[in-house]
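Before any comments, here is the structure.
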Amino acid sequence: MANFQKPKGTLDILPGESVLWLYVEDIIKKQAELFGFGQIRFPTFEVTELFNRGVGGSTDIVQKEMYTFIDKDGSSLTLRPEGTACVARSVLENGLYAGAMPLKLYYLANFFRRERPQAGRSREFWQFGTELFGSENAEADATVILLANSIFNKLGLKNVELKINSIGCVKCRVDFRSALKEYFANNRELLCDTCKGRMDTNPLRILDCKSPSCKEISKDAPKTTDFLCEDCETHFNKLKEMLNGCGVKYEVDTNIVRGLDYYSKTVFEFINESIGAQSTVCGGGRYDGLIEELGGQPLPGVGFGMGLTRLIQSMKDENLLPEISTGANVYIAPLGSRAASVAFTLAEELRKKGISAETDLCSRSIKSQMKYADKTGARFVLVLGDNELDSGEAILNNMQGGEKIKTDLSIDRIIEIVSA
Ligand code: ATP
Ligand code: MG
């Protein structure tokens with residue numbers, strides 16, 4: 001038994017699993033690049049105030065989920081709980097707003113939230129995120145939605161459904177908020193305790209609550225879309241028109257509001273009901289007020305975060321994960337010390353030419369070397385003993401087909417055989 005265990009709510013992603021992550025991440029990167037998004041990397045921790053301001057004091061994240069610590073100089077730092085505030089900070093700090101607009105950024109990063117661990121919810125988790133700055137147009141909203149959608153399509157997912165909504169701008173929200181407050185005040189006793197508290201701070205969040213009774217009451221609550229000003233309504237119609245034009249299926253769901261304070265106009269989620277209670281694979285929306293909130297000149301933005309654990313779970317669910325072998329192309333099994341040093345050099349020569357190759361590192365018997373080659377999924381095994389060294393000829397055993405191919409010991413010939 002090990003003396004240590006990983007902290008609650010964290011994950012070990014082991015080689016058998018990480019190859020699948022790499023496969024998915026590779027597709028994600030290619031799609032992001034196809035849409036002209038450039039990768040951004042930012043610190044794992046930021047000053048706490050960034051999240052207080054940029055995520056918002058009434059959110060679950062700021063109220064109870066942040067890993068905050070006091071550094072030795074007395075400053076308060078927080079492990080990043082999400083990416084949008086970090087990217088916005090970086091855009092401002094590095095003056096990216098003065099460059100080519102719109103600015104399209106993406107990240108693959110880990111985030112930290114002190115939540116109750118369960119399937120699809122951990123305390124450290126990974127997201128693919130995008131942020132598009134500098135366009136108020138619905139074309140921008142449609143673009144990020146198309147990017148997310150293209151990833152689900154490329155991965156072959158069928159069970160993921162897109163839901164969109166518009167929560168309007170600051171102007172339309174005033175009337176909507178009071179209509180909501182009035183409605184929920186009349187049903188107060190049916191709300192969960194958390195939502196009773198949300199009535200004053202952020203009544204919109206009640207629409208997003210997962211408790212069955214709140215869900216039930218929310219069904220008949222006033223709808224965001226009935227309160228949109230002309231501008232917001234046109235924007236939302238334009239978005240729908242463009243999604244229709246590109247053949248993207250969606251449903252308008254007025255209960256989608258998103259948890260973060262900074263959203264305006266478009267909000268959306270990609271949902272996969274078949275992976276359990278934590279069914280939101282991707283969530284995003286527009287946040288036109290965020291950059292100003294952080295002290296910059298007004299700069300509109302829209303983006304999303306896609307949870308990689310839920311994405312990979314969705315793929316497992318639909319049996320879409322490929323069999324990926326990580327075994328070496330050639331395993332060289334030496335017999336005796338003279339062969340061992342030839343094998344060691346030969347393996348390195350092969351790797352220099354881009355052929356994955358391994359050899360014995362433990363002075364093991366041929367039997368246990370064969371076991372190792374088999375367990376790790378090596379494609380070919382080349383047995384090298386004194387006889388082979390003297391004759392300059394050896395046998396390449398094809399581990400998958402069982403075929404034996406005679407070869408001389410020249411690198412080129414070996415490469416020719418194992419690359420076929
Ligand atoms: P949820 O309603 O599931 O708590 P959220 O609104 O807090 O989601 P966002 O902050 O929008 O989520 O994050 C975007 C995506 O990141 C989510 O849709 C989900 O796929 C993923 N995600 C969020 N929190 C976690 C977590 N604790 N563990 C695993 N994935 C997560
Ligand atoms: Mg959450």
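Identifiers in this document derive from the order of the structure tokens: chains are assigned A, B, ..., residues are numbered from 1 separately in each chain, and ligands are numbered from 1 in order of occurrence.
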
Apply DSSP to the backbone of this structure and, from segment 325-358 of chain A, keep only the residues in strand (DSSP E or B); write these as a ChimeraX atom specification. /A:330-334,357-358

Proximity check chain A to ligand 1, 9 Å, nearest pairs one decimal Å, only C-alpha atoms and all ligand atoms, as a tab-separated table:
```
residue	atom	partner	partner_atom_place_in_ligand_line	distance
A:Gly9	CA	ligand 1	27 (N)	8.6
A:Asp60	CA	ligand 1	7 (O)	8.0
A:Ile61	CA	ligand 1	7 (O)	7.5
A:Pro81	CA	ligand 1	10 (O)	7.9
A:Glu82	CA	ligand 1	10 (O)	6.2
A:Gly83	CA	ligand 1	10 (O)	8.7
A:Phe111	CA	ligand 1	25 (C)	8.2
A:Phe112	CA	ligand 1	27 (N)	7.4
A:Arg113	CA	ligand 1	27 (N)	5.9
A:Arg114	CA	ligand 1	27 (N)	7.6
A:Glu115	CA	ligand 1	27 (N)	6.1
A:Arg116	CA	ligand 1	27 (N)	8.1
A:Pro117	CA	ligand 1	27 (N)	7.4
A:Gln118	CA	ligand 1	28 (N)	8.4
A:Ala119	CA	ligand 1	29 (C)	8.4
A:Gly120	CA	ligand 1	29 (C)	5.1
A:Arg121	CA	ligand 1	28 (N)	3.4
A:Ser122	CA	ligand 1	28 (N)	4.1
A:Arg123	CA	ligand 1	27 (N)	5.3
A:Glu124	CA	ligand 1	28 (N)	6.7
A:Phe125	CA	ligand 1	29 (C)	4.9
A:Trp126	CA	ligand 1	30 (N)	6.7
A:Gln127	CA	ligand 1	16 (O)	5.8
A:Phe128	CA	ligand 1	16 (O)	8.3
A:Gly129	CA	ligand 1	14 (C)	8.2
A:Asp208	CA	ligand 1	2 (O)	8.0
A:Cys209	CA	ligand 1	2 (O)	8.7
A:Lys210	CA	ligand 1	2 (O)	8.5
A:Arg258	CA	ligand 1	6 (O)	5.7
A:Gly259	CA	ligand 1	6 (O)	4.9
A:Leu260	CA	ligand 1	6 (O)	7.2
A:Glu269	CA	ligand 1	18 (O)	7.3
A:Phe270	CA	ligand 1	18 (O)	7.9
A:Ile271	CA	ligand 1	18 (O)	8.3
A:Ala277	CA	ligand 1	3 (O)	8.7
A:Gln278	CA	ligand 1	3 (O)	5.5
A:Ser279	CA	ligand 1	3 (O)	7.1
A:Thr280	CA	ligand 1	18 (O)	4.5
A:Val281	CA	ligand 1	20 (O)	3.9
A:Cys282	CA	ligand 1	18 (O)	4.1
A:Gly283	CA	ligand 1	18 (O)	4.7
A:Gly284	CA	ligand 1	11 (O)	6.1
A:Phe304	CA	ligand 1	14 (C)	6.9
A:Gly305	CA	ligand 1	14 (C)	4.2
A:Met306	CA	ligand 1	15 (C)	4.7
A:Gly307	CA	ligand 1	20 (O)	3.3
A:Leu308	CA	ligand 1	20 (O)	6.7
A:Thr309	CA	ligand 1	29 (C)	6.2
A:Arg310	CA	ligand 1	20 (O)	5.7
A:Leu311	CA	ligand 1	20 (O)	7.4
```

Any chance you can output those residues with N, CA and C atoms as a CSV table (one decimal), in the first residue's frame?
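What landed in selection_20.csv:
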```
chain,number,residue,atom,x,y,z
A,9,GLY,N,-10.8,14.5,-5.1
A,9,GLY,CA,-11.3,15.3,-6.3
A,9,GLY,C,-10.3,15.5,-7.4
A,60,ASP,N,-21.2,30.9,-7.5
A,60,ASP,CA,-20.8,29.8,-6.7
A,60,ASP,C,-19.3,29.7,-6.6
A,61,ILE,N,-18.6,30.0,-7.8
A,61,ILE,CA,-17.2,29.9,-7.9
A,61,ILE,C,-16.6,30.8,-6.8
A,81,PRO,N,-9.9,29.2,-11.4
A,81,PRO,CA,-11.1,28.4,-11.4
A,81,PRO,C,-11.7,28.3,-12.8
A,82,GLU,N,-11.3,29.2,-13.7
A,82,GLU,CA,-11.9,29.3,-15.0
A,82,GLU,C,-10.9,30.2,-15.8
A,83,GLY,N,-11.1,30.2,-17.2
A,83,GLY,CA,-10.1,30.9,-18.0
A,83,GLY,C,-10.5,32.2,-18.5
A,111,PHE,N,-8.1,23.6,-14.4
A,111,PHE,CA,-8.8,24.6,-13.5
A,111,PHE,C,-9.1,23.9,-12.2
A,112,PHE,N,-9.3,24.8,-11.2
A,112,PHE,CA,-9.5,24.2,-9.8
A,112,PHE,C,-10.7,24.8,-9.1
A,113,ARG,N,-11.6,24.0,-8.7
A,113,ARG,CA,-12.8,24.4,-8.0
A,113,ARG,C,-13.0,23.4,-6.8
A,114,ARG,N,-13.3,24.0,-5.6
A,114,ARG,CA,-13.5,23.1,-4.5
A,114,ARG,C,-15.0,22.7,-4.5
A,115,GLU,N,-15.3,21.7,-5.3
A,115,GLU,CA,-16.7,21.2,-5.4
A,115,GLU,C,-16.8,19.8,-4.8
A,116,ARG,N,-18.0,19.3,-4.7
A,116,ARG,CA,-18.2,18.0,-4.2
A,116,ARG,C,-17.9,17.0,-5.4
A,117,PRO,N,-16.9,16.2,-5.2
A,117,PRO,CA,-16.5,15.3,-6.3
A,117,PRO,C,-17.6,14.3,-6.7
A,118,GLN,N,-17.8,14.1,-7.9
A,118,GLN,CA,-18.8,13.0,-8.4
A,118,GLN,C,-18.5,12.8,-9.8
A,119,ALA,N,-19.2,11.9,-10.4
A,119,ALA,CA,-19.0,11.6,-11.9
A,119,ALA,C,-19.1,12.9,-12.7
A,120,GLY,N,-18.1,13.2,-13.4
A,120,GLY,CA,-18.2,14.4,-14.3
A,120,GLY,C,-17.9,15.7,-13.5
A,121,ARG,N,-17.5,15.6,-12.2
A,121,ARG,CA,-17.2,16.8,-11.5
A,121,ARG,C,-16.0,16.5,-10.6
A,122,SER,N,-14.9,17.2,-10.8
A,122,SER,CA,-13.7,17.0,-10.0
A,122,SER,C,-13.2,18.3,-9.5
A,123,ARG,N,-12.2,18.3,-8.6
A,123,ARG,CA,-11.7,19.6,-8.1
A,123,ARG,C,-10.6,20.2,-8.9
A,124,GLU,N,-9.9,19.3,-9.6
A,124,GLU,CA,-9.1,19.8,-10.7
A,124,GLU,C,-9.6,19.2,-12.0
A,125,PHE,N,-9.9,20.0,-13.0
A,125,PHE,CA,-10.4,19.5,-14.2
A,125,PHE,C,-9.8,20.2,-15.4
A,126,TRP,N,-10.1,19.7,-16.6
A,126,TRP,CA,-9.5,20.3,-17.8
A,126,TRP,C,-10.5,20.8,-18.8
A,127,GLN,N,-10.2,21.9,-19.3
A,127,GLN,CA,-11.1,22.6,-20.3
A,127,GLN,C,-10.4,22.9,-21.6
A,128,PHE,N,-11.1,22.8,-22.7
A,128,PHE,CA,-10.7,23.5,-23.9
A,128,PHE,C,-11.6,24.7,-23.9
A,129,GLY,N,-11.0,25.9,-24.0
A,129,GLY,CA,-11.8,27.1,-24.0
A,129,GLY,C,-11.4,28.0,-25.1
A,208,ASP,N,-31.2,28.2,-13.3
A,208,ASP,CA,-30.1,27.3,-13.6
A,208,ASP,C,-30.0,26.2,-12.5
A,209,CYS,N,-30.8,26.3,-11.5
A,209,CYS,CA,-30.7,25.4,-10.3
A,209,CYS,C,-31.1,24.0,-10.7
A,210,LYS,N,-30.3,23.1,-10.1
A,210,LYS,CA,-30.6,21.7,-10.5
A,210,LYS,C,-31.6,21.0,-9.5
A,258,ARG,N,-26.5,30.3,-17.6
A,258,ARG,CA,-25.1,30.2,-17.2
A,258,ARG,C,-24.8,30.8,-15.8
A,259,GLY,N,-23.8,30.2,-15.2
A,259,GLY,CA,-23.6,30.5,-13.8
A,259,GLY,C,-22.8,31.8,-13.6
A,260,LEU,N,-22.1,32.3,-14.5
A,260,LEU,CA,-21.2,33.4,-14.3
A,260,LEU,C,-21.9,34.8,-14.5
A,269,GLU,N,-25.3,26.1,-24.3
A,269,GLU,CA,-24.7,24.9,-23.7
A,269,GLU,C,-24.9,23.7,-24.7
A,270,PHE,N,-23.9,22.9,-24.7
A,270,PHE,CA,-24.0,21.6,-25.4
A,270,PHE,C,-24.2,20.5,-24.3
A,271,ILE,N,-25.3,19.8,-24.4
A,271,ILE,CA,-25.7,18.9,-23.4
A,271,ILE,C,-25.7,17.5,-23.9
A,277,ALA,N,-25.9,13.1,-14.4
A,277,ALA,CA,-26.4,14.4,-13.9
A,277,ALA,C,-25.5,15.6,-14.4
A,278,GLN,N,-24.2,15.3,-14.5
A,278,GLN,CA,-23.3,16.4,-15.0
A,278,GLN,C,-23.3,16.4,-16.5
A,279,SER,N,-24.3,16.9,-17.1
A,279,SER,CA,-24.5,16.6,-18.5
A,279,SER,C,-24.0,17.8,-19.5
A,280,THR,N,-23.6,18.9,-18.9
A,280,THR,CA,-23.2,20.0,-19.7
A,280,THR,C,-21.7,19.8,-20.2
A,281,VAL,N,-21.5,19.5,-21.4
A,281,VAL,CA,-20.2,19.2,-21.9
A,281,VAL,C,-19.5,20.5,-22.2
A,282,CYS,N,-20.3,21.5,-22.7
A,282,CYS,CA,-19.7,22.8,-23.1
A,282,CYS,C,-20.7,23.9,-22.8
A,283,GLY,N,-20.1,25.0,-22.2
A,283,GLY,CA,-21.0,26.1,-21.9
A,283,GLY,C,-20.3,27.4,-22.2
A,284,GLY,N,-21.1,28.3,-22.7
A,284,GLY,CA,-20.5,29.6,-23.1
A,284,GLY,C,-21.5,30.7,-23.3
A,304,PHE,N,-16.4,30.1,-24.9
A,304,PHE,CA,-17.0,28.9,-24.2
A,304,PHE,C,-15.9,28.1,-23.5
A,305,GLY,N,-16.4,27.3,-22.6
A,305,GLY,CA,-15.5,26.3,-21.9
A,305,GLY,C,-16.0,24.9,-22.2
A,306,MET,N,-15.2,24.0,-22.6
A,306,MET,CA,-15.6,22.6,-22.9
A,306,MET,C,-14.9,21.7,-21.9
A,307,GLY,N,-15.6,21.0,-21.1
A,307,GLY,CA,-15.0,20.1,-20.1
A,307,GLY,C,-14.5,18.8,-20.7
A,308,LEU,N,-13.2,18.6,-20.6
A,308,LEU,CA,-12.6,17.4,-21.3
A,308,LEU,C,-13.0,16.1,-20.7
A,309,THR,N,-13.2,16.0,-19.4
A,309,THR,CA,-13.6,14.7,-18.8
A,309,THR,C,-15.0,14.3,-19.3
A,310,ARG,N,-15.8,15.3,-19.4
A,310,ARG,CA,-17.2,15.0,-19.8
A,310,ARG,C,-17.2,14.7,-21.3
A,311,LEU,N,-16.3,15.4,-22.1
A,311,LEU,CA,-16.2,15.1,-23.5
A,311,LEU,C,-15.7,13.7,-23.7
```

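Remark: for ligand 2, the closest of the candidate residues A:Met66, A:Ala138, A:Ala32, A:Ile405 is A:Met66 (distances computed over only C-alpha atoms and all ligand atoms).
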
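Among the candidates A:Ile312, A:Tyr331, A:Val383, A:Ser337, the residue lying nearest to Glu358 of chain A is A:Tyr331 (atoms considered: only C-alpha atoms).
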
Contacts of Gly296 of chain A at 10 Å or less, counting only C-alpha atoms, minus same-chain residues fewer than 3 places along, as a list in words?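 Skipping anything fewer than 3 positions along the chain leaves Ala88, Arg89, Val91, Leu92, Glu93, Gly95, Tyr97, Gly289, Leu290, Ile291, Glu292, Glu293 and Leu299 of chain A.
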
Could you save those same residues with N, CA and C atoms as a PDB file, in the first residue's frame?
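Contents of selection.pdb, as written:
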```pdb
ATOM      1  N   ALA A  88      -8.865  37.600 -20.305  1.00  0.00           N
ATOM      2  CA  ALA A  88      -9.195  39.031 -20.374  1.00  0.00           C
ATOM      3  C   ALA A  88      -8.087  39.853 -19.711  1.00  0.00           C
ATOM      4  N   ARG A  89      -7.601  39.385 -18.581  1.00  0.00           N
ATOM      5  CA  ARG A  89      -6.496  40.067 -17.892  1.00  0.00           C
ATOM      6  C   ARG A  89      -5.282  40.135 -18.803  1.00  0.00           C
ATOM      7  N   VAL A  91      -5.158  39.935 -22.101  1.00  0.00           N
ATOM      8  CA  VAL A  91      -5.426  40.803 -23.255  1.00  0.00           C
ATOM      9  C   VAL A  91      -5.167  42.258 -22.873  1.00  0.00           C
ATOM     10  N   LEU A  92      -5.623  42.634 -21.681  1.00  0.00           N
ATOM     11  CA  LEU A  92      -5.428  44.008 -21.215  1.00  0.00           C
ATOM     12  C   LEU A  92      -3.960  44.274 -20.902  1.00  0.00           C
ATOM     13  N   GLU A  93      -3.361  43.352 -20.143  1.00  0.00           N
ATOM     14  CA  GLU A  93      -1.980  43.574 -19.694  1.00  0.00           C
ATOM     15  C   GLU A  93      -1.005  43.638 -20.869  1.00  0.00           C
ATOM     16  N   GLY A  95      -1.815  44.456 -23.993  1.00  0.00           N
ATOM     17  CA  GLY A  95      -2.273  45.388 -25.028  1.00  0.00           C
ATOM     18  C   GLY A  95      -2.717  44.712 -26.309  1.00  0.00           C
ATOM     19  N   TYR A  97      -5.531  44.281 -27.431  1.00  0.00           N
ATOM     20  CA  TYR A  97      -6.656  44.979 -28.059  1.00  0.00           C
ATOM     21  C   TYR A  97      -6.181  45.928 -29.149  1.00  0.00           C
ATOM     22  N   GLY A 289     -19.435  43.078 -21.107  1.00  0.00           N
ATOM     23  CA  GLY A 289     -19.048  44.024 -20.058  1.00  0.00           C
ATOM     24  C   GLY A 289     -17.776  43.653 -19.320  1.00  0.00           C
ATOM     25  N   LEU A 290     -17.216  42.497 -19.607  1.00  0.00           N
ATOM     26  CA  LEU A 290     -16.125  41.977 -18.774  1.00  0.00           C
ATOM     27  C   LEU A 290     -14.856  42.825 -18.809  1.00  0.00           C
ATOM     28  N   ILE A 291     -14.408  43.179 -20.002  1.00  0.00           N
ATOM     29  CA  ILE A 291     -13.145  43.902 -20.122  1.00  0.00           C
ATOM     30  C   ILE A 291     -13.227  45.252 -19.393  1.00  0.00           C
ATOM     31  N   GLU A 292     -14.380  45.903 -19.505  1.00  0.00           N
ATOM     32  CA  GLU A 292     -14.581  47.166 -18.809  1.00  0.00           C
ATOM     33  C   GLU A 292     -14.547  46.948 -17.297  1.00  0.00           C
ATOM     34  N   GLU A 293     -15.169  45.865 -16.876  1.00  0.00           N
ATOM     35  CA  GLU A 293     -15.194  45.510 -15.450  1.00  0.00           C
ATOM     36  C   GLU A 293     -13.771  45.377 -14.905  1.00  0.00           C
ATOM     37  N   LEU A 299     -14.768  46.339 -24.669  1.00  0.00           N
ATOM     38  CA  LEU A 299     -14.360  45.417 -25.733  1.00  0.00           C
ATOM     39  C   LEU A 299     -15.259  44.185 -25.638  1.00  0.00           C
TER      40      LEU A 299
END
```

Would you mind reading off the distance between atom CA of Val267 of chain A and atom CA of Ile167 of chain A, one decimal, in Å?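 Value for the atom CA of Val267 of chain A-atom CA of Ile167 of chain A distance: 7.0 Å.
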
Could you tell me how far atom CA of Asn202 of chain A sits from atom CA of Leu180 of chain A, in Å to one decimal place? 10.1 Å

Ala179 of chain A surroundings by only C-alpha atoms, 10 Å radius, close-in-sequence under 4 positions cut, as a list in words: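 With the cut-off at 10 Å, the set is Arg173, Val174, Asp175, Tyr183, Phe184, Ala185, Pro203, Ala221, Pro222, Lys223, Thr224 and Phe227 of chain A.
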
Saved selection, atoms kept: all heavy atoms, as an mmCIF file, in the first residue's frame:
```cif
data_model
loop_
_atom_site.group_PDB
_atom_site.id
_atom_site.type_symbol
_atom_site.label_atom_id
_atom_site.label_comp_id
_atom_site.auth_asym_id
_atom_site.auth_seq_id
_atom_site.Cartn_x
_atom_site.Cartn_y
_atom_site.Cartn_z
ATOM 1 N N ARG A 173 -32.228 43.511 -18.836
ATOM 2 C CA ARG A 173 -32.171 42.695 -17.625
ATOM 3 C C ARG A 173 -32.920 43.336 -16.454
ATOM 4 O O ARG A 173 -33.408 42.631 -15.580
ATOM 5 C CB ARG A 173 -30.714 42.422 -17.247
ATOM 6 C CG ARG A 173 -30.494 41.224 -16.380
ATOM 7 C CD ARG A 173 -29.927 40.022 -17.106
ATOM 8 N NE ARG A 173 -29.008 40.298 -18.179
ATOM 9 C CZ ARG A 173 -27.685 40.261 -18.062
ATOM 10 N NH1 ARG A 173 -27.116 40.042 -16.897
ATOM 11 N NH2 ARG A 173 -26.938 40.456 -19.114
ATOM 12 N N VAL A 174 -33.009 44.698 -16.437
ATOM 13 C CA VAL A 174 -33.656 45.389 -15.317
ATOM 14 C C VAL A 174 -35.095 44.907 -15.158
ATOM 15 O O VAL A 174 -35.500 44.456 -14.078
ATOM 16 C CB VAL A 174 -33.626 46.928 -15.523
ATOM 17 C CG1 VAL A 174 -34.325 47.642 -14.370
ATOM 18 C CG2 VAL A 174 -32.192 47.406 -15.684
ATOM 19 N N ASP A 175 -35.858 44.958 -16.263
ATOM 20 C CA ASP A 175 -37.259 44.547 -16.204
ATOM 21 C C ASP A 175 -37.388 43.043 -15.966
ATOM 22 O O ASP A 175 -38.253 42.590 -15.228
ATOM 23 C CB ASP A 175 -37.970 44.890 -17.518
ATOM 24 C CG ASP A 175 -38.229 46.381 -17.613
ATOM 25 O OD1 ASP A 175 -38.138 47.051 -16.555
ATOM 26 O OD2 ASP A 175 -38.485 46.871 -18.728
ATOM 27 N N TYR A 183 -42.048 36.851 -9.479
ATOM 28 C CA TYR A 183 -42.531 35.480 -9.685
ATOM 29 C C TYR A 183 -42.012 34.537 -8.594
ATOM 30 O O TYR A 183 -42.774 33.780 -7.991
ATOM 31 C CB TYR A 183 -42.109 34.974 -11.071
ATOM 32 C CG TYR A 183 -42.466 33.525 -11.311
ATOM 33 C CD1 TYR A 183 -43.742 33.150 -11.699
ATOM 34 C CD2 TYR A 183 -41.497 32.518 -11.139
ATOM 35 C CE1 TYR A 183 -44.074 31.813 -11.902
ATOM 36 C CE2 TYR A 183 -41.818 31.182 -11.344
ATOM 37 C CZ TYR A 183 -43.104 30.831 -11.720
ATOM 38 O OH TYR A 183 -43.419 29.514 -11.922
ATOM 39 N N PHE A 184 -40.715 34.635 -8.318
ATOM 40 C CA PHE A 184 -40.151 33.718 -7.315
ATOM 41 C C PHE A 184 -40.588 34.084 -5.895
ATOM 42 O O PHE A 184 -40.721 33.209 -5.039
ATOM 43 C CB PHE A 184 -38.628 33.650 -7.421
ATOM 44 C CG PHE A 184 -38.165 32.846 -8.614
ATOM 45 C CD1 PHE A 184 -37.285 33.391 -9.548
ATOM 46 C CD2 PHE A 184 -38.617 31.553 -8.820
ATOM 47 C CE1 PHE A 184 -36.862 32.655 -10.650
ATOM 48 C CE2 PHE A 184 -38.203 30.807 -9.922
ATOM 49 C CZ PHE A 184 -37.330 31.365 -10.847
ATOM 50 N N ALA A 185 -40.830 35.387 -5.646
ATOM 51 C CA ALA A 185 -41.307 35.800 -4.322
ATOM 52 C C ALA A 185 -42.651 35.120 -4.039
ATOM 53 O O ALA A 185 -42.920 34.691 -2.918
ATOM 54 C CB ALA A 185 -41.439 37.320 -4.252
ATOM 55 N N PRO A 203 -31.260 36.527 -9.074
ATOM 56 C CA PRO A 203 -32.434 35.675 -9.314
ATOM 57 C C PRO A 203 -32.335 34.861 -10.605
ATOM 58 O O PRO A 203 -32.954 33.800 -10.717
ATOM 59 C CB PRO A 203 -33.602 36.664 -9.375
ATOM 60 C CG PRO A 203 -32.999 37.997 -9.575
ATOM 61 C CD PRO A 203 -31.622 37.951 -8.996
ATOM 62 N N ALA A 221 -41.658 30.248 -15.103
ATOM 63 C CA ALA A 221 -41.115 31.570 -14.775
ATOM 64 C C ALA A 221 -41.103 32.448 -16.022
ATOM 65 O O ALA A 221 -41.151 31.957 -17.146
ATOM 66 C CB ALA A 221 -39.704 31.402 -14.228
ATOM 67 N N PRO A 222 -41.064 33.775 -15.838
ATOM 68 C CA PRO A 222 -40.935 34.667 -16.997
ATOM 69 C C PRO A 222 -39.724 34.270 -17.828
ATOM 70 O O PRO A 222 -38.728 33.795 -17.294
ATOM 71 C CB PRO A 222 -40.711 36.040 -16.343
ATOM 72 C CG PRO A 222 -41.254 35.924 -14.967
ATOM 73 C CD PRO A 222 -41.093 34.499 -14.560
ATOM 74 N N LYS A 223 -39.836 34.452 -19.121
ATOM 75 C CA LYS A 223 -38.762 34.025 -20.033
ATOM 76 C C LYS A 223 -37.895 35.203 -20.441
ATOM 77 O O LYS A 223 -38.418 36.262 -20.791
ATOM 78 C CB LYS A 223 -39.376 33.412 -21.286
ATOM 79 C CG LYS A 223 -40.177 32.147 -20.987
ATOM 80 C CD LYS A 223 -40.584 31.490 -22.282
ATOM 81 C CE LYS A 223 -41.411 30.230 -22.072
ATOM 82 N NZ LYS A 223 -41.485 29.674 -20.751
ATOM 83 N N THR A 224 -36.577 34.961 -20.429
ATOM 84 C CA THR A 224 -35.636 36.040 -20.809
ATOM 85 C C THR A 224 -36.012 36.605 -22.173
ATOM 86 O O THR A 224 -35.972 37.820 -22.375
ATOM 87 C CB THR A 224 -34.194 35.495 -20.930
ATOM 88 O OG1 THR A 224 -34.193 34.396 -21.845
ATOM 89 C CG2 THR A 224 -33.646 35.041 -19.607
ATOM 90 N N PHE A 227 -38.261 39.607 -22.762
ATOM 91 C CA PHE A 227 -37.851 40.909 -22.244
ATOM 92 C C PHE A 227 -36.725 41.559 -23.048
ATOM 93 O O PHE A 227 -36.118 42.513 -22.606
ATOM 94 C CB PHE A 227 -37.428 40.767 -20.772
ATOM 95 C CG PHE A 227 -38.583 40.494 -19.856
ATOM 96 C CD1 PHE A 227 -39.119 39.215 -19.738
ATOM 97 C CD2 PHE A 227 -39.173 41.523 -19.125
ATOM 98 C CE1 PHE A 227 -40.205 38.957 -18.906
ATOM 99 C CE2 PHE A 227 -40.254 41.278 -18.294
ATOM 100 C CZ PHE A 227 -40.773 39.988 -18.184
#
```

List as number ranges by chain the protein and nucleic acid residues near Leu34 of chain A, meaning an atom at most 10 Å away when only C-alpha atoms are counted, but skip any in the same chain fewer than 5 places from it. A: 28-29, 147

For N, CA and C atoms, I'd like the residues from the last selection saved as a PDB file, in the first residue's frame.
```pdb
ATOM      1  N   ILE A  28      -9.010  18.765 -31.294  1.00  0.00           N
ATOM      2  CA  ILE A  28      -9.437  20.089 -30.822  1.00  0.00           C
ATOM      3  C   ILE A  28      -8.509  21.191 -31.361  1.00  0.00           C
ATOM      4  N   LYS A  29      -7.205  20.972 -31.236  1.00  0.00           N
ATOM      5  CA  LYS A  29      -6.236  21.985 -31.699  1.00  0.00           C
ATOM      6  C   LYS A  29      -6.389  22.234 -33.187  1.00  0.00           C
ATOM      7  N   LEU A 147     -17.412  26.350 -33.988  1.00  0.00           N
ATOM      8  CA  LEU A 147     -16.159  25.683 -33.618  1.00  0.00           C
ATOM      9  C   LEU A 147     -16.431  24.521 -32.655  1.00  0.00           C
TER      10      LEU A 147
END
```

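With distances restricted to only C-alpha atoms and all ligand atoms, A:Lys64 is the closest residue to ligand 2 from A:Lys64, A:Leu22, A:Gln31, A:Ser75.
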
So how far away is atom CA of Leu320 of chain A from atom CA of Val24 of chain A, in Å?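 These atoms are spaced 10.8 Å apart.
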